[in-house]
Amino acid sequence: MAGSAQAALLGLLPVRARAASARIEGLIARMTIAEKAGQLSCFNDEIRPVGAVFNPVVDPRGADAMLADITAGRVGMLFNGYGVAGARKAQAAALRSRLGIPLIFAADVIHGCRTVFPIPLAEAAAFDPALSERAARAVAEEASAGGLHWTFAPVVDVARDQRWGRVAEGAGEDVLLNRQLAAARVRGFQGKDLRRADSLLATPKHFAGYSAVRGGMEYAAVDMSLAELRETYLPPFAAGFGAGALATIASFTDFNGVPATANRWLLTDVLRGELGFAGVCVSDYDADRELIAHGVAADEADAARLAILAGVDVSMQSGLYNKYLPALVENGKVPMARVDEAVRRVLALKEALGLFDDPFRSLDAVAEKKRTATPAIKAIAREVATRSIVLLRNAGDLLPLPVKGKKIALIGPFGADKANLNGPWSFAGDAGDGIDLATGIRAMLADPAALAVEAGSGIHEPLAGGVARAVAAAKAADVVLLAIGEAGDMSGEGNSRVEITVPAAQQALAEAVSNTGKPVVVLLRHGRALALEGAVRDAPAILCTWFLGEQAGPAVADVLFGVREPTGRLPVSFPLATGQQPWSYDRRSTGRPAGDADPMEPARSHWRDAPDRALFPFGSGQGYTRFALAELQAPARVAKGEAVQVRVAVTNAGLRRGAAFVRADVHDRVASRTRPVRQMKAYARITLDPGERRIVTLTIPYAELALVVADNQWRVEPGRFDLWVGAGGEELHSQFEAL
């Protein structure tokens, strides 16, 4: 089956575009080529700047010049501004233009707006699409109240190389989880009706293969087989489009030698032909001009020509469409029909958002006050933060801690830190609103004086006397909480890392504190999987606390003291060493796999100094109880149109109520192309009381067994499949046959 057929089988394809309305066709008929170019031009909002600088400054013009350009019909949309008052001023200017076409206001609302939520990678650790949908809905309600119609999210780039900084913005390394969260986040952002004042248009990005850059280096080249593109990187886009997303952003990078912004095969043949996408394709920031640096465009005019002909409908920030489209059309280098096609899509988007009928939709000062930073949205942010935390190790049941009776030393640069709670792309958030770890922990303790706080070191540099003070605090305590990891600016766009280890100054602090002999609980702050070393790797308890946003302190305290169960699971694999990257749990099989008995056997697939495994693989995580599995049942055979129905008995074998994460992985034993050694195809969560037993059913649709074969078509090849079902480390095995 073709790529689109396989997507349709999984229920992923969007509804095809309807014919443009008479209103849109009438506007196109009246527009000059300059006005058409204006509708295809998106610029950084200098009328209501948020203060944070997310991109290199390109062609700044100031608020007055921008308002003049809007009135002249040279601007179709603005992005990364916030606040109703400035948006109303800009929209009034648009309505004074000759045709009165309203603006769209967009922003990179990646993980919250005024209220900052956990980074998307952290939220993915909850493995709960319903939670992600609720979070996106809450974010949309707040963002739209601040004068926004459109978010440049979700990021749906499958990320297998943890050196890449933008791992933080997506859902990790697994295709199924990326697909499910792409659809959930689109549904949450957009709500049930795009015309509603609290709807936020979603934008699955970056199309396509962006995360597969060489060496994890931001903006570097991407080379991959077309089968890999279709099996790994396209499915989350199909899921997002199938959920109703009407916009996407092209990747900054090249794809197999042709930059995405100039890649007609990618943006037209694949995006629109295979996936059936009918919405608007936007260049990334100044990416059309960057075709010159890529070496495929001779000059700016040539870059504009390549981008529009490839399928880029909207030029972001460069202004190249305004500058060059009129002449390119006049001299026949760009057909007017292609420009009209792009304008038709943009106007259809504005119509879908209800802006022609209500240009001041989502620009209500009363709603802005009513729906910003409310107790309800803060409660959801705290819930998401708590459920994002992953307990990787808990030797000797060190956790949960009692709220009284123990002296606690909170050591590390992130103990009382607010500046790095939010992580990258916090957009309109204020770091001052965040609740740090020390505050959250003190609020939980019966005696706040039982907590001692010492930074011990800076993030990158030692502090004079810092280690000595930290060691003294550790010796005086019963347990040490070690708050270490990455600064907020060490992850995100443009923040690739050669070594994904804890910075040296913090590692030295960890070693010194560990040498006191006191039990240590590591509280990692990070936007990617890390290669843990020494005392950090060997600590008796390790918690992934990511960049959890403004509710980080209370969320971490909830888990540390057992108010809430740690239920998160890793959406990315923690490697043994940086040099293993890229690495994922679903890597393809090899002809010389390392044996379980001796993974370092000569002439086998491993590094000389490390086996081919992760320290903590995808899906790792535990709670404060344990679960036992039994009675695995799976069909012997499954035919087209059927599903693999897997049943397993799960028992809470511990002493606390807890949530079990039950997962089913498969492996195609004999296929025409090498297959992943295993790949998650279904999962479920259940909460059980101590001693409670329940049957869990996992359903694997037949289409999930398909692969892309030699002719780039999707097929389920008959044969045997391995099946593993696990929960918290224990795993059962079976087999079935696909017919």
# chains A, B, ... in the order shown; residues from 1 in each chain; ligands from 1
$ residues_around --residues "region 111-114 of chain A" --least-positions-apart "4" --cutoff "8 Å" --atoms "only C-alpha atoms" --output "number ranges by chain"
A: 118-120, 139, 142-143, 372-373, 425-430
$ write_last_selection --atoms "N, CA, C and O atoms" --output "PDB file, in the first residue's frame"
ATOM      1  N   PRO A 118       5.778  22.119  31.667  1.00  0.00           N
ATOM      2  CA  PRO A 118       6.996  21.357  31.370  1.00  0.00           C
ATOM      3  C   PRO A 118       7.294  21.359  29.877  1.00  0.00           C
ATOM      4  O   PRO A 118       6.383  21.457  29.043  1.00  0.00           O
ATOM      5  N   ILE A 119       8.569  21.232  29.535  1.00  0.00           N
ATOM      6  CA  ILE A 119       8.926  21.103  28.123  1.00  0.00           C
ATOM      7  C   ILE A 119       8.201  19.893  27.527  1.00  0.00           C
ATOM      8  O   ILE A 119       7.877  18.938  28.236  1.00  0.00           O
ATOM      9  N   PRO A 120       7.943  19.898  26.219  1.00  0.00           N
ATOM     10  CA  PRO A 120       7.210  18.782  25.610  1.00  0.00           C
ATOM     11  C   PRO A 120       7.842  17.418  25.850  1.00  0.00           C
ATOM     12  O   PRO A 120       7.131  16.419  26.008  1.00  0.00           O
ATOM     13  N   VAL A 139      -3.315  25.586  27.533  1.00  0.00           N
ATOM     14  CA  VAL A 139      -2.373  26.554  26.967  1.00  0.00           C
ATOM     15  C   VAL A 139      -3.052  27.404  25.903  1.00  0.00           C
ATOM     16  O   VAL A 139      -2.858  28.621  25.831  1.00  0.00           O
ATOM     17  N   GLU A 142      -5.255  30.149  27.375  1.00  0.00           N
ATOM     18  CA  GLU A 142      -4.505  31.294  27.882  1.00  0.00           C
ATOM     19  C   GLU A 142      -3.857  32.090  26.751  1.00  0.00           C
ATOM     20  O   GLU A 142      -3.911  33.325  26.731  1.00  0.00           O
ATOM     21  N   ALA A 143      -3.248  31.393  25.789  1.00  0.00           N
ATOM     22  CA  ALA A 143      -2.550  32.078  24.704  1.00  0.00           C
ATOM     23  C   ALA A 143      -3.509  32.882  23.838  1.00  0.00           C
ATOM     24  O   ALA A 143      -3.211  34.011  23.436  1.00  0.00           O
ATOM     25  N   THR A 372      -5.817  34.515  32.051  1.00  0.00           N
ATOM     26  CA  THR A 372      -4.356  34.482  32.139  1.00  0.00           C
ATOM     27  C   THR A 372      -3.911  34.120  33.549  1.00  0.00           C
ATOM     28  O   THR A 372      -4.378  34.716  34.520  1.00  0.00           O
ATOM     29  N   ALA A 373      -3.013  33.129  33.643  1.00  0.00           N
ATOM     30  CA  ALA A 373      -2.403  32.724  34.920  1.00  0.00           C
ATOM     31  C   ALA A 373      -3.448  32.438  35.990  1.00  0.00           C
ATOM     32  O   ALA A 373      -3.301  32.834  37.147  1.00  0.00           O
ATOM     33  N   TRP A 425      12.438  28.111  25.006  1.00  0.00           N
ATOM     34  CA  TRP A 425      11.158  28.469  24.390  1.00  0.00           C
ATOM     35  C   TRP A 425      10.044  28.664  25.415  1.00  0.00           C
ATOM     36  O   TRP A 425       8.943  28.125  25.266  1.00  0.00           O
ATOM     37  N   SER A 426      10.315  29.461  26.440  1.00  0.00           N
ATOM     38  CA  SER A 426       9.247  29.745  27.399  1.00  0.00           C
ATOM     39  C   SER A 426       8.427  30.969  27.010  1.00  0.00           C
ATOM     40  O   SER A 426       7.489  31.347  27.730  1.00  0.00           O
ATOM     41  N   PHE A 427       8.767  31.584  25.885  1.00  0.00           N
ATOM     42  CA  PHE A 427       7.988  32.618  25.208  1.00  0.00           C
ATOM     43  C   PHE A 427       7.588  33.775  26.130  1.00  0.00           C
ATOM     44  O   PHE A 427       8.382  34.646  26.398  1.00  0.00           O
ATOM     45  N   ALA A 428       6.362  33.793  26.634  1.00  0.00           N
ATOM     46  CA  ALA A 428       5.863  34.950  27.381  1.00  0.00           C
ATOM     47  C   ALA A 428       5.922  34.741  28.886  1.00  0.00           C
ATOM     48  O   ALA A 428       5.392  35.550  29.647  1.00  0.00           O
ATOM     49  N   GLY A 429       6.543  33.657  29.337  1.00  0.00           N
ATOM     50  CA  GLY A 429       6.597  33.389  30.759  1.00  0.00           C
ATOM     51  C   GLY A 429       7.570  34.294  31.496  1.00  0.00           C
ATOM     52  O   GLY A 429       8.503  34.848  30.911  1.00  0.00           O
ATOM     53  N   ASP A 430       7.347  34.427  32.776  1.00  0.00           N
ATOM     54  CA  ASP A 430       8.213  35.224  33.646  1.00  0.00           C
ATOM     55  C   ASP A 430       8.872  34.276  34.637  1.00  0.00           C
ATOM     56  O   ASP A 430       8.192  33.621  35.432  1.00  0.00           O
TER      57      ASP A 430
END
$ closest_residue --among "A:Thr151, A:Ser211, A:Thr115, A:Thr651" --to "Arg166 (chain A)" --atoms "only C-alpha atoms"
A:Ser211
$ closest_atom_pairs --of "region 229-297 of chain A" --to "region 703-710 of chain A" --cutoff "12 Å" --atoms "only C-alpha atoms" --output "Markdown table"
| residue | atom | partner | partner_atom | distance |
| --- | --- | --- | --- | --- |
| A:Leu229 | CA | A:Val708 | CA | 9.8 |
| A:Arg230 | CA | A:Val708 | CA | 7.3 |
| A:Glu231 | CA | A:Val708 | CA | 6.7 |
| A:Thr232 | CA | A:Val708 | CA | 10.3 |
| A:Pro235 | CA | A:Glu704 | CA | 11.3 |
$ write_last_selection --atoms "C-alpha atoms" --output "mmCIF file, in the first residue's frame"
data_model
loop_
_atom_site.group_PDB
_atom_site.id
_atom_site.type_symbol
_atom_site.label_atom_id
_atom_site.label_comp_id
_atom_site.auth_asym_id
_atom_site.auth_seq_id
_atom_site.Cartn_x
_atom_site.Cartn_y
_atom_site.Cartn_z
ATOM 1 C CA LEU A 229 11.675 8.826 6.040
ATOM 2 C CA ARG A 230 8.354 7.077 5.543
ATOM 3 C CA GLU A 231 8.601 4.661 8.448
ATOM 4 C CA THR A 232 10.033 6.975 11.104
ATOM 5 C CA PRO A 235 3.966 9.218 10.542
#
$ residues_around --residues "Pro718 (chain A)" --least-positions-apart "5" --cutoff "10 Å" --atoms "only C-alpha atoms" --output "JSON, numbers by chain"
{"A": [638, 639, 668, 670, 671, 705, 706, 737, 738, 739]}
$ closest_atom_pairs --of "region 535-589 of chain A" --to "region 458-480 of chain A" --cutoff "12 Å" --atoms "only C-alpha atoms" --output "tab-separated table"
residue	atom	partner	partner_atom	distance
A:Ala539	CA	A:Val480	CA	10.6
A:Pro540	CA	A:Val480	CA	10.9
A:Ala541	CA	A:Val480	CA	10.3
A:Ile542	CA	A:Val480	CA	11.7
A:Leu560	CA	A:Val479	CA	11.9
$ closest_residue --among "A:Lys406, A:Arg344, A:Arg371, A:Arg195" --to "Gln39 (chain A)" --atoms "only C-alpha atoms"
A:Arg344
$ residues_around --residues "Gln506 (chain A)" --least-positions-apart "5" --cutoff "12 Å" --atoms "only C-alpha atoms" --output "PyMOL selection string"
chain A and resi 411-414+455-463+466-467+470+482-487+501+511-513+522+524-525+532-536
$ select_by_dssp --residues "region 166-405 of chain A" --states "strand (DSSP E)" --output "ChimeraX atom specification"
/A:205-207,247-250,254-255,258-259,280-282,315-316,390-394
$ write_last_selection --atoms "C-alpha atoms" --output "short mmCIF file (atom, residue, chain, number, x, y, z; two decimals), in the first residue's frame"
data_model
loop_
_atom_site.label_atom_id
_atom_site.label_comp_id
_atom_site.auth_asym_id
_atom_site.auth_seq_id
_atom_site.Cartn_x
_atom_site.Cartn_y
_atom_site.Cartn_z
CA LYS A 205 6.87 20.89 12.42
CA HIS A 206 9.54 20.70 10.95
CA PHE A 207 8.85 19.01 7.63
CA ALA A 247 -0.29 24.48 8.81
CA THR A 248 3.25 23.15 8.83
CA ILE A 249 6.75 24.63 8.79
CA ALA A 250 9.51 23.41 6.49
CA ASP A 254 18.66 20.03 3.57
CA PHE A 255 17.18 16.62 2.81
CA VAL A 258 18.27 19.59 -1.38
CA PRO A 259 17.28 22.08 1.36
CA VAL A 280 -0.37 26.29 4.54
CA CYS A 281 3.36 25.56 4.40
CA VAL A 282 5.57 28.22 6.01
CA SER A 315 7.97 33.45 3.77
CA MET A 316 8.89 34.08 7.41
CA VAL A 390 10.68 9.73 36.04
CA LEU A 391 12.17 7.68 38.88
CA LEU A 392 15.09 5.84 37.30
CA ARG A 393 16.51 4.21 40.41
CA ASN A 394 15.43 3.80 44.03
#
$ select_by_dssp --residues "region 201-408 of chain A" --states "alpha helix (DSSP H)" --output "ChimeraX atom specification"
/A:226-228,235-242,264,291-294,300-310,320-330,336-352,365-370,375-388
$ residues_around --residues "Pro236 (chain A)" --least-positions-apart "3" --cutoff "7 Å" --atoms "only C-alpha atoms" --output "list in words"
Val156, Asn178, Arg179, Ala182, Tyr233, Ala239 and Gly240 of chain A
$ write_last_selection --atoms "all heavy atoms" --output "compact mmCIF listing (two decimals), in the first residue's frame"
# COMPACT_ATOMS: atom_id res chain seq x y z
N VAL A 156 7.09 17.65 16.04
CA VAL A 156 6.82 16.21 15.90
C VAL A 156 8.01 15.48 15.30
O VAL A 156 7.87 14.41 14.71
CB VAL A 156 5.53 15.96 15.08
CG1 VAL A 156 4.33 16.61 15.75
CG2 VAL A 156 5.67 16.48 13.65
N ASN A 178 5.26 9.56 19.36
CA ASN A 178 5.24 10.81 18.61
C ASN A 178 3.94 10.98 17.84
O ASN A 178 3.36 12.07 17.79
CB ASN A 178 6.43 10.87 17.64
CG ASN A 178 7.64 11.54 18.24
OD1 ASN A 178 7.77 12.76 18.21
ND2 ASN A 178 8.55 10.74 18.81
N ARG A 179 3.47 9.91 17.22
CA ARG A 179 2.20 9.98 16.49
C ARG A 179 1.04 10.34 17.41
O ARG A 179 0.24 11.22 17.13
CB ARG A 179 1.91 8.62 15.84
CG ARG A 179 2.57 8.39 14.51
CD ARG A 179 2.42 6.95 14.04
NE ARG A 179 1.13 6.36 14.37
CZ ARG A 179 0.91 5.05 14.41
NH1 ARG A 179 1.90 4.20 14.17
NH2 ARG A 179 -0.28 4.59 14.69
N ALA A 182 1.36 13.91 18.76
CA ALA A 182 1.12 14.90 17.71
C ALA A 182 -0.39 15.14 17.54
O ALA A 182 -0.86 16.29 17.52
CB ALA A 182 1.72 14.43 16.39
N TYR A 233 9.85 9.22 10.17
CA TYR A 233 9.71 10.67 10.31
C TYR A 233 8.40 11.24 9.78
O TYR A 233 7.97 12.31 10.23
CB TYR A 233 10.92 11.35 9.65
CG TYR A 233 12.20 11.01 10.36
CD1 TYR A 233 13.02 9.97 9.92
CD2 TYR A 233 12.58 11.68 11.51
CE1 TYR A 233 14.18 9.62 10.59
CE2 TYR A 233 13.74 11.35 12.19
CZ TYR A 233 14.53 10.30 11.73
OH TYR A 233 15.66 9.97 12.43
N ALA A 239 -0.24 12.03 11.48
CA ALA A 239 -1.14 12.02 12.63
C ALA A 239 -1.62 13.43 12.96
O ALA A 239 -2.81 13.66 13.24
CB ALA A 239 -0.44 11.40 13.83
N GLY A 240 -0.70 14.40 12.94
CA GLY A 240 -1.09 15.78 13.23
C GLY A 240 -2.02 16.35 12.19
O GLY A 240 -2.99 17.03 12.51
$ residues_around --residues "Tyr624 (chain A)" --least-positions-apart "4" --cutoff "9 Å" --atoms "only C-alpha atoms" --output "PDB file with C-alpha atoms, in the first residue's frame"
ATOM      1  CA  ASN A 394      15.428   3.803  44.031  1.00  0.00           C
ATOM      2  CA  ASP A 397      13.569   2.170  48.819  1.00  0.00           C
ATOM      3  CA  LEU A 399      12.243   7.259  48.416  1.00  0.00           C
ATOM      4  CA  PRO A 400       9.701   8.462  49.342  1.00  0.00           C
ATOM      5  CA  GLY A 562       5.156  10.321  48.292  1.00  0.00           C
ATOM      6  CA  GLU A 565       3.470   8.333  42.771  1.00  0.00           C
ATOM      7  CA  PRO A 566       6.296   8.780  40.219  1.00  0.00           C
ATOM      8  CA  GLY A 654       3.970  -4.171  46.597  1.00  0.00           C
ATOM      9  CA  LEU A 655       2.640  -2.376  49.650  1.00  0.00           C
ATOM     10  CA  ARG A 656       1.453   0.885  48.065  1.00  0.00           C
ATOM     11  CA  ARG A 657      -1.220   1.814  45.601  1.00  0.00           C
ATOM     12  CA  GLY A 658       0.475   2.508  42.280  1.00  0.00           C
TER      13      GLY A 658
END
$ closest_residue --among "A:Val650, A:Phe360, A:Pro617, A:Gly354" --to "Ala94 (chain A)" --atoms "only C-alpha atoms"
A:Phe360
$ atom_distance --atom1 "CA of Lys640 (chain A)" --atom2 "CA of Glu717 (chain A)"
10.7 Å
$ residues_around --residues "Ile70 (chain A)" --least-positions-apart "5" --cutoff "10 Å" --atoms "only C-alpha atoms" --output "list in words"
Gly38, Asp64, Ala65, Val75, Gly76, Met77, Leu78, Ala90, Gln91, Ala92, Ala93, Ala94, Leu95, Arg96, Ser97, Ile101, Pro102 and Leu103 of chain A
$ closest_residue --among "A:Asp157, A:Asp69, A:Asp364, A:Glu25" --to "Phe43 (chain A)" --atoms "only C-alpha atoms"
A:Asp69
